[in-house]
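Structure below is structure.cif: mmCIF, N, CA and C atoms.
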data_my_file
#
loop_
_atom_site.label_atom_id
_atom_site.label_comp_id
_atom_site.auth_asym_id
_atom_site.auth_seq_id
_atom_site.Cartn_x
_atom_site.Cartn_y
_atom_site.Cartn_z
N MET A 1 0.84 -1.18 0.00
CA MET A 1 0.00 0.00 0.00
C MET A 1 0.88 1.24 0.00
N ASN A 2 0.55 2.20 -0.85
CA ASN A 2 1.39 3.39 -0.92
C ASN A 2 0.70 4.64 -0.36
N ARG A 3 -0.53 4.53 0.08
CA ARG A 3 -1.26 5.68 0.63
C ARG A 3 -1.05 5.75 2.13
N ARG A 4 -0.43 6.83 2.57
CA ARG A 4 -0.21 7.05 4.01
C ARG A 4 -1.05 8.24 4.43
N LEU A 5 -1.89 8.03 5.42
CA LEU A 5 -2.76 9.09 5.90
C LEU A 5 -1.98 10.03 6.82
N LYS A 6 -2.46 11.26 6.91
CA LYS A 6 -1.81 12.22 7.82
C LYS A 6 -2.13 11.88 9.27
N CYS A 7 -3.42 11.60 9.55
CA CYS A 7 -3.81 11.38 10.94
C CYS A 7 -4.97 10.39 11.02
N ILE A 8 -4.84 9.44 11.94
CA ILE A 8 -5.91 8.51 12.27
C ILE A 8 -6.26 8.73 13.73
N LEU A 9 -7.56 8.87 14.00
CA LEU A 9 -8.07 8.97 15.36
C LEU A 9 -8.69 7.63 15.73
N LEU A 10 -8.18 7.02 16.78
CA LEU A 10 -8.67 5.73 17.27
C LEU A 10 -9.44 5.97 18.56
N ILE A 11 -10.74 5.60 18.55
CA ILE A 11 -11.61 5.81 19.71
C ILE A 11 -12.10 4.47 20.21
N ASP A 12 -11.64 4.07 21.40
CA ASP A 12 -12.02 2.78 21.97
C ASP A 12 -11.75 2.80 23.46
N ASP A 13 -12.67 2.31 24.24
CA ASP A 13 -12.50 2.30 25.70
C ASP A 13 -11.69 1.11 26.19
N ASN A 14 -11.49 0.09 25.35
CA ASN A 14 -10.75 -1.10 25.74
C ASN A 14 -9.26 -0.86 25.48
N LYS A 15 -8.49 -0.75 26.56
CA LYS A 15 -7.07 -0.40 26.42
C LYS A 15 -6.27 -1.47 25.68
N PHE A 16 -6.64 -2.74 25.84
CA PHE A 16 -5.96 -3.81 25.10
C PHE A 16 -6.22 -3.65 23.61
N ASP A 17 -7.49 -3.45 23.22
CA ASP A 17 -7.81 -3.26 21.81
C ASP A 17 -7.12 -2.03 21.25
N THR A 18 -7.13 -0.95 22.01
CA THR A 18 -6.49 0.29 21.57
C THR A 18 -5.00 0.08 21.32
N PHE A 19 -4.33 -0.59 22.26
CA PHE A 19 -2.90 -0.86 22.11
C PHE A 19 -2.66 -1.70 20.86
N PHE A 20 -3.44 -2.75 20.69
CA PHE A 20 -3.28 -3.65 19.55
C PHE A 20 -3.54 -2.92 18.24
N HIS A 21 -4.63 -2.18 18.17
CA HIS A 21 -4.98 -1.49 16.93
C HIS A 21 -3.99 -0.38 16.58
N GLU A 22 -3.49 0.30 17.60
CA GLU A 22 -2.47 1.32 17.35
C GLU A 22 -1.22 0.68 16.76
N LYS A 23 -0.84 -0.48 17.27
CA LYS A 23 0.34 -1.19 16.74
C LYS A 23 0.11 -1.65 15.31
N VAL A 24 -1.12 -2.08 14.99
CA VAL A 24 -1.45 -2.48 13.62
C VAL A 24 -1.21 -1.31 12.67
N VAL A 25 -1.71 -0.14 13.03
CA VAL A 25 -1.55 1.05 12.19
C VAL A 25 -0.08 1.42 12.06
N GLN A 26 0.65 1.38 13.17
CA GLN A 26 2.07 1.76 13.14
C GLN A 26 2.90 0.74 12.36
N ARG A 27 2.61 -0.53 12.53
CA ARG A 27 3.40 -1.58 11.87
C ARG A 27 3.35 -1.43 10.35
N LYS A 28 2.19 -1.08 9.83
CA LYS A 28 2.04 -0.91 8.39
C LYS A 28 2.31 0.53 7.93
N ASN A 29 2.68 1.39 8.89
CA ASN A 29 3.01 2.78 8.56
C ASN A 29 1.87 3.44 7.78
N LEU A 30 0.65 3.27 8.30
CA LEU A 30 -0.54 3.75 7.61
C LEU A 30 -0.83 5.23 7.85
N ALA A 31 -0.19 5.81 8.87
CA ALA A 31 -0.46 7.22 9.18
C ALA A 31 0.77 7.88 9.78
N GLU A 32 0.89 9.17 9.54
CA GLU A 32 1.97 9.93 10.16
C GLU A 32 1.73 10.07 11.66
N VAL A 33 0.46 10.25 12.04
CA VAL A 33 0.09 10.46 13.44
C VAL A 33 -1.10 9.56 13.77
N VAL A 34 -1.02 8.91 14.95
CA VAL A 34 -2.16 8.16 15.48
C VAL A 34 -2.52 8.78 16.82
N ILE A 35 -3.75 9.25 16.92
CA ILE A 35 -4.24 9.84 18.16
C ILE A 35 -5.23 8.87 18.77
N VAL A 36 -5.05 8.58 20.06
CA VAL A 36 -5.91 7.64 20.76
C VAL A 36 -6.75 8.38 21.79
N LYS A 37 -8.04 8.12 21.78
CA LYS A 37 -8.96 8.63 22.79
C LYS A 37 -9.71 7.44 23.36
N ASN A 38 -9.78 7.38 24.69
CA ASN A 38 -10.35 6.21 25.37
C ASN A 38 -11.82 6.34 25.72
N SER A 39 -12.48 7.37 25.20
CA SER A 39 -13.92 7.51 25.41
C SER A 39 -14.50 8.40 24.32
N GLY A 40 -15.80 8.25 24.15
CA GLY A 40 -16.48 9.11 23.20
C GLY A 40 -16.42 10.57 23.59
N THR A 41 -16.49 10.82 24.89
CA THR A 41 -16.42 12.20 25.38
C THR A 41 -15.07 12.83 25.05
N GLU A 42 -13.97 12.11 25.32
CA GLU A 42 -12.63 12.62 24.99
C GLU A 42 -12.51 12.89 23.49
N ALA A 43 -13.04 11.98 22.70
CA ALA A 43 -12.95 12.12 21.25
C ALA A 43 -13.71 13.35 20.76
N MET A 44 -14.91 13.56 21.28
CA MET A 44 -15.69 14.71 20.85
C MET A 44 -15.03 16.02 21.30
N GLU A 45 -14.46 16.04 22.48
CA GLU A 45 -13.74 17.24 22.94
C GLU A 45 -12.57 17.53 22.00
N PHE A 46 -11.85 16.49 21.62
CA PHE A 46 -10.73 16.66 20.70
C PHE A 46 -11.20 17.19 19.35
N LEU A 47 -12.23 16.57 18.79
CA LEU A 47 -12.72 16.98 17.47
C LEU A 47 -13.24 18.40 17.48
N LYS A 48 -13.93 18.78 18.54
CA LYS A 48 -14.49 20.13 18.62
C LYS A 48 -13.41 21.19 18.83
N SER A 49 -12.27 20.80 19.41
CA SER A 49 -11.21 21.76 19.70
C SER A 49 -10.11 21.80 18.62
N THR A 50 -10.22 20.96 17.61
CA THR A 50 -9.20 20.89 16.57
C THR A 50 -9.75 21.49 15.28
N ALA A 51 -9.04 22.45 14.74
CA ALA A 51 -9.47 23.09 13.49
C ALA A 51 -9.39 22.09 12.35
N ILE A 52 -10.34 22.17 11.41
CA ILE A 52 -10.37 21.18 10.34
C ILE A 52 -9.17 21.25 9.40
N ASP A 53 -8.44 22.37 9.42
CA ASP A 53 -7.23 22.45 8.59
C ASP A 53 -5.97 22.12 9.38
N ASP A 54 -6.12 21.74 10.65
CA ASP A 54 -4.99 21.33 11.49
C ASP A 54 -4.45 20.00 10.98
N ILE A 55 -3.14 19.84 10.99
CA ILE A 55 -2.53 18.60 10.53
C ILE A 55 -3.00 17.39 11.34
N ASN A 56 -3.41 17.62 12.58
CA ASN A 56 -3.88 16.52 13.43
C ASN A 56 -5.39 16.31 13.38
N TYR A 57 -6.07 16.95 12.43
CA TYR A 57 -7.49 16.63 12.25
C TYR A 57 -7.54 15.33 11.46
N PRO A 58 -8.23 14.33 11.97
CA PRO A 58 -8.13 12.99 11.35
C PRO A 58 -8.76 12.89 9.96
N GLU A 59 -8.04 12.18 9.10
CA GLU A 59 -8.61 11.78 7.82
C GLU A 59 -9.48 10.55 8.03
N LEU A 60 -9.10 9.74 9.02
CA LEU A 60 -9.80 8.51 9.31
C LEU A 60 -10.05 8.41 10.81
N ILE A 61 -11.28 8.03 11.16
CA ILE A 61 -11.64 7.77 12.55
C ILE A 61 -12.01 6.30 12.66
N LEU A 62 -11.34 5.59 13.55
CA LEU A 62 -11.69 4.20 13.86
C LEU A 62 -12.48 4.26 15.16
N LEU A 63 -13.76 3.94 15.09
CA LEU A 63 -14.68 4.19 16.19
C LEU A 63 -15.33 2.91 16.70
N ASP A 64 -15.08 2.59 17.97
CA ASP A 64 -15.72 1.45 18.62
C ASP A 64 -17.20 1.77 18.83
N ILE A 65 -18.05 0.79 18.63
CA ILE A 65 -19.48 1.00 18.82
C ILE A 65 -19.85 0.98 20.30
N ASN A 66 -19.41 -0.04 21.01
CA ASN A 66 -19.85 -0.25 22.39
C ASN A 66 -18.86 0.33 23.38
N MET A 67 -19.22 1.52 23.89
CA MET A 67 -18.42 2.18 24.91
C MET A 67 -19.37 2.73 25.97
N PRO A 68 -18.90 2.77 27.23
CA PRO A 68 -19.74 3.39 28.26
C PRO A 68 -19.79 4.91 28.06
N GLY A 69 -20.78 5.54 28.64
CA GLY A 69 -20.92 6.99 28.44
C GLY A 69 -21.43 7.24 27.04
N LEU A 70 -20.63 7.93 26.23
CA LEU A 70 -20.99 8.14 24.84
C LEU A 70 -20.62 6.89 24.03
N SER A 71 -21.62 6.21 23.51
CA SER A 71 -21.34 5.05 22.66
C SER A 71 -20.87 5.53 21.29
N GLY A 72 -20.45 4.61 20.46
CA GLY A 72 -20.09 4.97 19.10
C GLY A 72 -21.24 5.63 18.35
N TRP A 73 -22.47 5.16 18.62
CA TRP A 73 -23.65 5.77 17.99
C TRP A 73 -23.82 7.21 18.45
N ASP A 74 -23.61 7.45 19.75
CA ASP A 74 -23.71 8.81 20.28
C ASP A 74 -22.66 9.72 19.65
N VAL A 75 -21.45 9.19 19.50
CA VAL A 75 -20.37 9.97 18.87
C VAL A 75 -20.77 10.31 17.43
N LEU A 76 -21.30 9.33 16.70
CA LEU A 76 -21.73 9.60 15.33
C LEU A 76 -22.80 10.69 15.28
N ASP A 77 -23.77 10.61 16.17
CA ASP A 77 -24.83 11.63 16.20
C ASP A 77 -24.25 13.02 16.47
N GLN A 78 -23.36 13.12 17.45
CA GLN A 78 -22.76 14.42 17.77
C GLN A 78 -21.85 14.90 16.64
N TYR A 79 -21.10 13.98 16.07
CA TYR A 79 -20.19 14.33 14.98
C TYR A 79 -20.99 14.91 13.79
N HIS A 80 -22.09 14.26 13.44
CA HIS A 80 -22.89 14.72 12.31
C HIS A 80 -23.59 16.04 12.58
N SER A 81 -23.77 16.38 13.86
CA SER A 81 -24.41 17.67 14.17
C SER A 81 -23.39 18.80 14.31
N MET A 82 -22.10 18.49 14.26
CA MET A 82 -21.07 19.53 14.34
C MET A 82 -21.13 20.40 13.09
N THR A 83 -21.10 21.70 13.27
CA THR A 83 -21.12 22.60 12.12
C THR A 83 -19.75 22.71 11.46
N CYS A 84 -18.70 22.47 12.23
CA CYS A 84 -17.34 22.59 11.72
C CYS A 84 -16.67 21.21 11.77
N ARG A 85 -16.83 20.45 10.70
CA ARG A 85 -16.16 19.16 10.60
C ARG A 85 -15.67 18.98 9.17
N ASN A 86 -14.63 18.23 9.02
CA ASN A 86 -14.06 18.03 7.70
C ASN A 86 -14.91 17.03 6.93
N PRO A 87 -15.48 17.42 5.79
CA PRO A 87 -16.33 16.51 5.03
C PRO A 87 -15.56 15.35 4.40
N ASN A 88 -14.23 15.44 4.38
CA ASN A 88 -13.41 14.37 3.82
C ASN A 88 -13.02 13.30 4.83
N THR A 89 -13.31 13.53 6.10
CA THR A 89 -13.00 12.55 7.13
C THR A 89 -13.93 11.35 6.96
N LYS A 90 -13.34 10.17 7.01
CA LYS A 90 -14.10 8.93 6.89
C LYS A 90 -14.05 8.18 8.21
N ILE A 91 -15.14 7.49 8.53
CA ILE A 91 -15.22 6.73 9.77
C ILE A 91 -15.39 5.25 9.45
N PHE A 92 -14.60 4.43 10.13
CA PHE A 92 -14.76 2.98 10.08
C PHE A 92 -15.18 2.56 11.47
N MET A 93 -16.28 1.84 11.56
CA MET A 93 -16.77 1.36 12.84
C MET A 93 -16.02 0.09 13.22
N LEU A 94 -15.66 -0.02 14.50
CA LEU A 94 -15.01 -1.21 15.04
C LEU A 94 -15.98 -1.88 15.99
N THR A 95 -16.12 -3.20 15.90
CA THR A 95 -17.08 -3.86 16.78
C THR A 95 -16.80 -5.34 16.97
N THR A 96 -17.28 -5.83 18.07
CA THR A 96 -17.30 -7.28 18.32
C THR A 96 -18.71 -7.81 18.06
N SER A 97 -19.62 -6.92 17.72
CA SER A 97 -21.02 -7.29 17.51
C SER A 97 -21.17 -8.18 16.28
N ILE A 98 -22.04 -9.16 16.40
CA ILE A 98 -22.38 -10.00 15.25
C ILE A 98 -23.80 -9.68 14.75
N ASN A 99 -24.37 -8.62 15.30
CA ASN A 99 -25.72 -8.22 14.93
C ASN A 99 -25.69 -7.51 13.57
N PRO A 100 -26.32 -8.08 12.54
CA PRO A 100 -26.28 -7.44 11.22
C PRO A 100 -26.96 -6.07 11.20
N ASP A 101 -27.87 -5.81 12.16
CA ASP A 101 -28.52 -4.51 12.22
C ASP A 101 -27.53 -3.39 12.52
N ASP A 102 -26.44 -3.71 13.24
CA ASP A 102 -25.42 -2.69 13.53
C ASP A 102 -24.76 -2.21 12.25
N GLU A 103 -24.45 -3.12 11.35
CA GLU A 103 -23.81 -2.72 10.09
C GLU A 103 -24.78 -1.90 9.24
N VAL A 104 -26.04 -2.28 9.22
CA VAL A 104 -27.05 -1.52 8.48
C VAL A 104 -27.18 -0.12 9.06
N LYS A 105 -27.25 -0.03 10.39
CA LYS A 105 -27.36 1.27 11.05
C LYS A 105 -26.14 2.13 10.75
N ALA A 106 -24.94 1.54 10.80
CA ALA A 106 -23.71 2.28 10.56
C ALA A 106 -23.70 2.90 9.16
N THR A 107 -24.17 2.16 8.18
CA THR A 107 -24.14 2.67 6.81
C THR A 107 -25.18 3.76 6.57
N SER A 108 -26.06 3.99 7.53
CA SER A 108 -27.02 5.08 7.38
C SER A 108 -26.38 6.45 7.67
N TYR A 109 -25.18 6.45 8.19
CA TYR A 109 -24.45 7.68 8.46
C TYR A 109 -23.54 7.98 7.27
N ALA A 110 -23.62 9.20 6.76
CA ALA A 110 -22.87 9.57 5.56
C ALA A 110 -21.35 9.44 5.72
N ALA A 111 -20.83 9.67 6.91
CA ALA A 111 -19.37 9.63 7.11
C ALA A 111 -18.83 8.22 7.34
N VAL A 112 -19.71 7.24 7.51
CA VAL A 112 -19.25 5.86 7.77
C VAL A 112 -19.01 5.16 6.44
N PHE A 113 -17.77 4.71 6.27
CA PHE A 113 -17.36 4.06 5.03
C PHE A 113 -16.95 2.60 5.23
N GLY A 114 -16.86 2.15 6.48
CA GLY A 114 -16.44 0.78 6.71
C GLY A 114 -16.92 0.25 8.03
N PHE A 115 -16.97 -1.05 8.13
CA PHE A 115 -17.42 -1.76 9.31
C PHE A 115 -16.43 -2.90 9.53
N ILE A 116 -15.65 -2.84 10.61
CA ILE A 116 -14.56 -3.79 10.82
C ILE A 116 -14.76 -4.53 12.12
N SER A 117 -14.66 -5.86 12.05
CA SER A 117 -14.76 -6.68 13.26
C SER A 117 -13.47 -6.59 14.06
N LYS A 118 -13.64 -6.61 15.39
CA LYS A 118 -12.48 -6.60 16.29
C LYS A 118 -12.16 -8.04 16.69
N PRO A 119 -10.90 -8.34 16.89
CA PRO A 119 -9.75 -7.45 16.71
C PRO A 119 -9.50 -7.20 15.22
N MET A 120 -9.09 -5.99 14.92
CA MET A 120 -8.87 -5.57 13.56
C MET A 120 -7.64 -6.25 12.98
N GLU A 121 -7.79 -6.80 11.80
CA GLU A 121 -6.66 -7.42 11.11
C GLU A 121 -6.02 -6.40 10.18
N ILE A 122 -4.71 -6.49 10.04
CA ILE A 122 -3.96 -5.54 9.22
C ILE A 122 -4.51 -5.51 7.79
N ASP A 123 -4.69 -6.69 7.18
CA ASP A 123 -5.13 -6.74 5.79
C ASP A 123 -6.51 -6.11 5.60
N THR A 124 -7.39 -6.28 6.58
CA THR A 124 -8.72 -5.70 6.49
C THR A 124 -8.64 -4.18 6.48
N LEU A 125 -7.84 -3.62 7.38
CA LEU A 125 -7.70 -2.17 7.43
C LEU A 125 -7.05 -1.64 6.16
N VAL A 126 -6.01 -2.30 5.69
CA VAL A 126 -5.32 -1.86 4.47
C VAL A 126 -6.30 -1.86 3.29
N LYS A 127 -7.09 -2.91 3.15
CA LYS A 127 -8.07 -2.97 2.06
C LYS A 127 -9.10 -1.85 2.17
N GLN A 128 -9.56 -1.57 3.38
CA GLN A 128 -10.53 -0.48 3.57
C GLN A 128 -9.92 0.87 3.19
N ILE A 129 -8.67 1.10 3.60
CA ILE A 129 -8.01 2.37 3.27
C ILE A 129 -7.81 2.48 1.76
N GLU A 130 -7.34 1.41 1.13
CA GLU A 130 -7.13 1.42 -0.32
C GLU A 130 -8.43 1.68 -1.07
N ALA A 131 -9.53 1.14 -0.58
CA ALA A 131 -10.83 1.31 -1.24
C ALA A 131 -11.42 2.70 -1.04
N ASN A 132 -11.06 3.35 0.04
CA ASN A 132 -11.74 4.60 0.40
C ASN A 132 -10.89 5.86 0.34
N PHE A 133 -9.58 5.71 0.20
CA PHE A 133 -8.69 6.89 0.13
C PHE A 133 -7.85 6.76 -1.13
N HIS A 134 -7.92 7.78 -1.95
CA HIS A 134 -7.20 7.78 -3.21
C HIS A 134 -6.28 8.99 -3.27
N ASP A 135 -5.14 8.81 -3.92
CA ASP A 135 -4.20 9.93 -4.06
C ASP A 135 -4.73 10.99 -4.97
#

Please re-express this file's structure in structure tokens.
Amino acid sequence: MNRRLKCILLIDDNKFDTFFHEKVVQRKNLAEVVIVKNSGTEAMEFLKSTAIDDINYPELILLDINMPGLSGWDVLDQYHSMTCRNPNTKIFMLTTSINPDDEVKATSYAAVFGFISKPMEIDTLVKQIEANFHD
């Protein structure tokens, strides 16, 4: 893969999954910067405080569905209601859910471009990036 993203935002409350997924991204050199937020609240604070032309505004958000407090669905709702967000940012949902309704619901959001089962495999992420980000 020759496409390297500027910034990936990883949002997941599970520290083991976060550590593993961050290593997956780093091992394949998929992004210049990986920012980790351990809750939906932290992620929304970050997104609201980062200018869309900032180098650390994510091109890709990897978002866990099931989190305490703000769930992935709550984050999506708040993200879509933000007046200042980058329309080029793409979101891939991360989940352990086997419920097909979750994937259907995820695709109802305009910014959601992928649905990835956890733990995330390197090849799956690379294929999603290749399919959704073009030079």

Please identify all polymer residues within 6 Å of A:Leu10, counting all atoms listed in the file, omitting same-chain residues fewer than 5 positions from it, and present them as a count of residues only. 7

Run the PyMOL selection byres (((chain A and resi 71 and name CA) around 12) and name CA) on the file and write out the hits as a list in words. Ile11, Asp12, Asp13, Asn38, Ser39, Gly40, Thr41, Glu42, Ala43, Met44, Leu63, Asp64, Ile65, Asn66, Met67, Pro68, Gly69, Leu70, Gly72, Trp73, Asp74, Val75, Leu76, Asp77, Gln78, Met93, Leu94 and Thr95 of chain A

Here's the selection I'm unsure about, the PyMOL selection byres (((chain A and resi 82 and name CA) around 12) and name CA); applied to the file above, which residues does it give, as an MDAnalysis selection string? chainID A and resid 44:45 47:49 52 75:81 83:87

Here's the selection I'm unsure about, the PyMOL selection byres (((chain A and resi 60 and name CA) around 7) and name CA); applied to the file above, which residues does it give, as number ranges by chain? A: 7-9, 58-59, 61-62, 89-91

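Atom to atom, atom C of A:Phe113 and atom C of A:Gln128 stand 7.5 Å apart.
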
In Å, how far is it from atom C of A:Ala31 to atom C of A:Asn56?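 Atom-to-atom, atom C of A:Ala31 to atom C of A:Asn56, that is 11.0 Å.
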
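Secondary structure from DSSP on the backbone puts alpha helix (DSSP H) at the following positions of stretch 2-63 of chain A: A:Lys15, A:Phe16, A:Asp17, A:Thr18, A:Phe19, A:Phe20, A:His21, A:Glu22, A:Lys23, A:Val24, A:Val25, A:Gln26, A:Arg27, A:Gly40, A:Thr41, A:Glu42, A:Ala43, A:Met44, A:Glu45, A:Phe46, A:Leu47, A:Lys48, A:Ser49.
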
Those selected residues, please, written with N, CA and C atoms and delivered as a short mmCIF file (atom, residue, chain, number, x, y, z; two decimals), in the frame of the given file.
data_model
loop_
_atom_site.label_atom_id
_atom_site.label_comp_id
_atom_site.auth_asym_id
_atom_site.auth_seq_id
_atom_site.Cartn_x
_atom_site.Cartn_y
_atom_site.Cartn_z
N LYS A 15 -8.49 -0.75 26.56
CA LYS A 15 -7.07 -0.40 26.42
C LYS A 15 -6.27 -1.47 25.68
N PHE A 16 -6.64 -2.74 25.84
CA PHE A 16 -5.96 -3.81 25.10
C PHE A 16 -6.22 -3.65 23.61
N ASP A 17 -7.49 -3.45 23.22
CA ASP A 17 -7.81 -3.26 21.81
C ASP A 17 -7.12 -2.03 21.25
N THR A 18 -7.13 -0.95 22.01
CA THR A 18 -6.49 0.29 21.57
C THR A 18 -5.00 0.08 21.32
N PHE A 19 -4.33 -0.59 22.26
CA PHE A 19 -2.90 -0.86 22.11
C PHE A 19 -2.66 -1.70 20.86
N PHE A 20 -3.44 -2.75 20.69
CA PHE A 20 -3.28 -3.65 19.55
C PHE A 20 -3.54 -2.92 18.24
N HIS A 21 -4.63 -2.18 18.17
CA HIS A 21 -4.98 -1.49 16.93
C HIS A 21 -3.99 -0.38 16.58
N GLU A 22 -3.49 0.30 17.60
CA GLU A 22 -2.47 1.32 17.35
C GLU A 22 -1.22 0.68 16.76
N LYS A 23 -0.84 -0.48 17.27
CA LYS A 23 0.34 -1.19 16.74
C LYS A 23 0.11 -1.65 15.31
N VAL A 24 -1.12 -2.08 14.99
CA VAL A 24 -1.45 -2.48 13.62
C VAL A 24 -1.21 -1.31 12.67
N VAL A 25 -1.71 -0.14 13.03
CA VAL A 25 -1.55 1.05 12.19
C VAL A 25 -0.08 1.42 12.06
N GLN A 26 0.65 1.38 13.17
CA GLN A 26 2.07 1.76 13.14
C GLN A 26 2.90 0.74 12.36
N ARG A 27 2.61 -0.53 12.53
CA ARG A 27 3.40 -1.58 11.87
C ARG A 27 3.35 -1.43 10.35
N GLY A 40 -15.80 8.25 24.15
CA GLY A 40 -16.48 9.11 23.20
C GLY A 40 -16.42 10.57 23.59
N THR A 41 -16.49 10.82 24.89
CA THR A 41 -16.42 12.20 25.38
C THR A 41 -15.07 12.83 25.05
N GLU A 42 -13.97 12.11 25.32
CA GLU A 42 -12.63 12.62 24.99
C GLU A 42 -12.51 12.89 23.49
N ALA A 43 -13.04 11.98 22.70
CA ALA A 43 -12.95 12.12 21.25
C ALA A 43 -13.71 13.35 20.76
N MET A 44 -14.91 13.56 21.28
CA MET A 44 -15.69 14.71 20.85
C MET A 44 -15.03 16.02 21.30
N GLU A 45 -14.46 16.04 22.48
CA GLU A 45 -13.74 17.24 22.94
C GLU A 45 -12.57 17.53 22.00
N PHE A 46 -11.85 16.49 21.62
CA PHE A 46 -10.73 16.66 20.70
C PHE A 46 -11.20 17.19 19.35
N LEU A 47 -12.23 16.57 18.79
CA LEU A 47 -12.72 16.98 17.47
C LEU A 47 -13.24 18.40 17.48
N LYS A 48 -13.93 18.78 18.54
CA LYS A 48 -14.49 20.13 18.62
C LYS A 48 -13.41 21.19 18.83
N SER A 49 -12.27 20.80 19.41
CA SER A 49 -11.21 21.76 19.70
C SER A 49 -10.11 21.80 18.62
#

By how many Å are atom CA of A:Arg4 and atom N of A:Asn88 apart?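 If I compute the distance from atom CA of A:Arg4 to atom N of A:Asn88, I get 16.3 Å.
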
Kindly indicate which residue among A:Ala106, A:Val33, A:His21, A:Asp101 lies nearest to A:Pro119, using all atoms listed in the file for the distances. A:His21

Filtered DSSP result for chain A, state strand (DSSP E or B), as a ChimeraX atom specification: /A:5-11,31-37,60-64,90-95,112-117

Choose the residue, out of A:Phe92, A:Asn132, A:Ile98, A:Lys23, that has the smallest atom-to-atom separation from A:Gly114; count only C-alpha atoms.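 Checking each of A:Phe92, A:Asn132, A:Ile98, A:Lys23 against A:Gly114, counting only C-alpha atoms, the winner is A:Phe92.
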